[in-house]
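Visitor: My structure is below; once you've seen it, I'll send some questions.
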Amino acid sequence: QFIPLAEETGFIVPITKWLLEQTCIHIKAIHSFAPHMKVGVNISAVHFQQDDFVEQVSHIVKANNVHPRFFKLELTESTIMPNAEESVQKLVQLKRYGFKLAIDDFGTGFSSLSYLHRFPIDILKIDQSFIRRLSLYSDDATIVSTIIMMAHNLHLAVVAEGVETEQQYEFVNKKQCDMVQGYYIA
């Protein structure tokens, strides 16, 4: 309930700026014992669509003396697809600064395979709804397998979201999914 309200009122922008500043502080602390750790930050469509989004994010990271490579900016398909051409330009700029980029909740939005190879992304995160239904519907297993194979052929890492059972873990592991997140692991 909070995020949609913050987006509707426009408060999501200052909240995200504050979050990025706090993330910089935490990255510095984490690097004292895990110097290569990256931190993922979800980016709101409202914030991403601002004309100066790239400048805002890069300024915050630079001002806090943290290298952008330690950030994994996560954007949903529905964030980047409506204005795909503009999104490509912003993503290219972010990539040039050194940010890692991920498409979150992949498979639930308006993905266009013709754009997927144009987005300079590093990671596809398979939406948990597909993982949740792996044992119920063979079509979802086929979709997950296909996403993993397609991502690897595009030289992208793949994350299976919402892995909560050993059966789900074994399935995505057998399909050579690069990473998992969910309650089965932690």
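As shown in the structure tokens, the chain order sets the letters A, B, ...; within each chain, residues go from 1, and ligands are also counted from 1 in the order they appear.
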As a ChimeraX atom specification, which residues of segment 141-177 of chain A does DSSP assign to strand (DSSP E)?
Guide: /A:157-161
Visitor: Need to verify the contact set: segment 80-92 of chain A, 7 Å, only C-alpha atoms, exclusion of same-chain residues closer than 3 positions in sequence. Can you return it as an mmCIF file with N, CA, C and O atoms, in the first residue's frame?
Guide:
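Okay, around-v8.cif is ready:
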data_model
loop_
_atom_site.group_PDB
_atom_site.id
_atom_site.type_symbol
_atom_site.label_atom_id
_atom_site.label_comp_id
_atom_site.auth_asym_id
_atom_site.auth_seq_id
_atom_site.Cartn_x
_atom_site.Cartn_y
_atom_site.Cartn_z
ATOM 1 N N VAL A 54 18.842 9.783 -14.597
ATOM 2 C CA VAL A 54 20.227 9.293 -14.674
ATOM 3 C C VAL A 54 21.160 10.243 -13.938
ATOM 4 O O VAL A 54 22.035 9.804 -13.172
ATOM 5 N N THR A 76 11.252 -2.981 -13.420
ATOM 6 C CA THR A 76 10.312 -3.960 -13.950
ATOM 7 C C THR A 76 10.122 -3.733 -15.447
ATOM 8 O O THR A 76 10.387 -2.648 -15.972
ATOM 9 N N GLU A 77 9.622 -4.775 -16.115
ATOM 10 C CA GLU A 77 9.304 -4.648 -17.538
ATOM 11 C C GLU A 77 8.335 -3.504 -17.766
ATOM 12 O O GLU A 77 8.477 -2.738 -18.714
ATOM 13 N N LYS A 95 24.528 2.328 -17.777
ATOM 14 C CA LYS A 95 25.542 1.293 -18.022
ATOM 15 C C LYS A 95 26.919 1.936 -18.214
ATOM 16 O O LYS A 95 27.922 1.427 -17.706
ATOM 17 N N ARG A 96 26.966 3.070 -18.933
ATOM 18 C CA ARG A 96 28.247 3.768 -19.138
ATOM 19 C C ARG A 96 28.838 4.247 -17.822
ATOM 20 O O ARG A 96 30.059 4.279 -17.650
ATOM 21 N N PHE A 110 5.124 -6.346 -20.228
ATOM 22 C CA PHE A 110 4.873 -6.188 -21.646
ATOM 23 C C PHE A 110 6.156 -6.405 -22.430
ATOM 24 O O PHE A 110 6.503 -5.609 -23.286
ATOM 25 N N SER A 111 6.859 -7.476 -22.116
ATOM 26 C CA SER A 111 8.163 -7.659 -22.748
ATOM 27 C C SER A 111 8.040 -7.825 -24.249
ATOM 28 O O SER A 111 7.123 -8.440 -24.755
ATOM 29 N N ARG A 118 18.230 -5.092 -27.040
ATOM 30 C CA ARG A 118 18.711 -3.702 -27.123
ATOM 31 C C ARG A 118 18.930 -3.077 -25.750
ATOM 32 O O ARG A 118 19.658 -2.101 -25.624
ATOM 33 N N PHE A 119 18.270 -3.626 -24.740
ATOM 34 C CA PHE A 119 18.454 -3.108 -23.387
ATOM 35 C C PHE A 119 19.810 -3.595 -22.868
ATOM 36 O O PHE A 119 20.070 -4.793 -22.855
ATOM 37 N N PRO A 120 20.657 -2.688 -22.409
ATOM 38 C CA PRO A 120 21.988 -3.099 -21.933
ATOM 39 C C PRO A 120 21.924 -3.636 -20.500
ATOM 40 O O PRO A 120 22.507 -3.072 -19.578
#
Visitor: Quick one: residues within 7 Å of Ala45 of chain A, only C-alpha atoms, excluding same-chain residues fewer than 3 positions away - as a VMD selection string?
Guide: chain A and resid 48 to 49 79
Visitor: Find the residue from A:Leu124, A:Ile12, A:Val39, A:Ile131 that sits nearest to Gln168 of chain A; use only C-alpha atoms when measuring.
Guide: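 Ranking A:Leu124, A:Ile12, A:Val39, A:Ile131 by distance to Gln168 of chain A, first place goes to A:Ile131.
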Visitor: If you run DSSP on the backbone, which residues of chain A are helix (DSSP H, G or I), as a VMD selection string?
Guide: chain A and resid 2 to 9 12 to 30 45 to 48 53 to 63 68 to 70 77 to 80 84 to 97 113 to 116 128 to 132 138 to 153 166 to 174
Visitor: With only C-alpha atoms as the counted atoms, please give the residues lying no more than 9 Å from Val57 of chain A, apart from itself and same-chain residues fewer than 6 positions off, as number ranges by chain.
Guide: A: 17, 20, 94
Visitor: Between A:Asn65, A:Gln1, A:Ser135, A:Gln22, which has the minimum distance to Thr165 of chain A (counting only C-alpha atoms)?
Guide: A:Ser135
Visitor: Could you pull the residues within 9 Å of Gln181 of chain A, counting only C-alpha atoms, minus those fewer than 5 positions along the same chain, as a PyMOL selection string?
Guide: chain A and resi 159-164+186
Visitor: Could you tell me how far atom CA of Gln167 of chain A lies from atom CA of Leu134 of chain A, in Å and to one decimal?
Guide: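 Computing it gives 8.8 Å between the two atoms.
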Visitor: For Leu101 of chain A, which residue out of A:Lys72, A:His36, A:Arg133, A:His155 is the nearest one, using only C-alpha atoms?
Guide: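 For Leu101 of chain A, the nearest of the given residues is A:Lys72.
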Visitor: Give me the residues near Ile43 of chain A as a ChimeraX atom specification, where near means some atom within 7 Å (using only C-alpha atoms) and where sequence neighbours in that chain fewer than 6 positions away do not count.
Guide: /A:73-75
Visitor: Could you list, as number ranges by chain, every residue within 10 Å of Ile126 of chain A, counting only C-alpha atoms and ignoring same-chain residues fewer than 2 positions away?
Guide: A: 103-108, 123-124, 128-131, 143-144, 147-148, 158-162, 177, 180
Visitor: Give me a file of those residues, with C-alpha atoms, as a PDB file, in the first residue's frame.
Guide:
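result_26.pdb, written as the output of this step:
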ATOM      1  CA  ILE A 103      14.848  -6.498 -15.269  1.00  0.00           C
ATOM      2  CA  ASP A 104      12.741  -7.539 -12.306  1.00  0.00           C
ATOM      3  CA  ASP A 105       9.553  -9.649 -12.447  1.00  0.00           C
ATOM      4  CA  PHE A 106      10.389 -10.788 -15.968  1.00  0.00           C
ATOM      5  CA  GLY A 107       7.526 -12.468 -17.784  1.00  0.00           C
ATOM      6  CA  THR A 108       4.666 -10.546 -16.208  1.00  0.00           C
ATOM      7  CA  ILE A 123      20.323  -9.790 -15.232  1.00  0.00           C
ATOM      8  CA  LEU A 124      16.827 -11.144 -15.859  1.00  0.00           C
ATOM      9  CA  GLN A 128       8.057 -15.678  -8.688  1.00  0.00           C
ATOM     10  CA  SER A 129       4.603 -16.485 -10.063  1.00  0.00           C
ATOM     11  CA  PHE A 130       6.232 -18.839 -12.601  1.00  0.00           C
ATOM     12  CA  ILE A 131       8.428 -20.446  -9.942  1.00  0.00           C
ATOM     13  CA  ILE A 143       8.423 -20.872 -19.672  1.00  0.00           C
ATOM     14  CA  VAL A 144      11.042 -20.911 -16.900  1.00  0.00           C
ATOM     15  CA  ILE A 147      13.663 -17.815 -20.110  1.00  0.00           C
ATOM     16  CA  ILE A 148      16.833 -19.320 -18.625  1.00  0.00           C
ATOM     17  CA  VAL A 158      19.267 -15.240 -14.523  1.00  0.00           C
ATOM     18  CA  VAL A 159      17.695 -15.088 -11.075  1.00  0.00           C
ATOM     19  CA  ALA A 160      14.724 -17.243 -10.084  1.00  0.00           C
ATOM     20  CA  GLU A 161      12.620 -15.249  -7.621  1.00  0.00           C
ATOM     21  CA  GLY A 162      10.505 -16.846  -4.922  1.00  0.00           C
ATOM     22  CA  CYS A 177      19.791 -20.821 -13.381  1.00  0.00           C
ATOM     23  CA  VAL A 180      17.993 -17.928  -6.729  1.00  0.00           C
TER      24      VAL A 180
END
Visitor: In Å, how far is it from atom CA of Gly182 of chain A to atom CA of Gly40 of chain A?
Guide: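 According to the coordinates, atom CA of Gly182 of chain A and atom CA of Gly40 of chain A are separated by 14.8 Å.
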Visitor: Which is closest to Asp122 of chain A among A:Glu8, A:Asp51, A:Asp139, A:Asp178, if we use only C-alpha atoms?
Guide: A:Asp178
Visitor: Measuring atom to atom with only C-alpha atoms, identify which of A:Val46, A:Gln56, A:Gln93, A:Asp127 is nearest to Trp18 of chain A.
Guide: A:Gln56
Visitor: Which one is closest to Glu55 of chain A: A:Ile30, A:Ala6, A:Lys174, A:Tyr97? Count only C-alpha atoms.
Guide: A:Tyr97
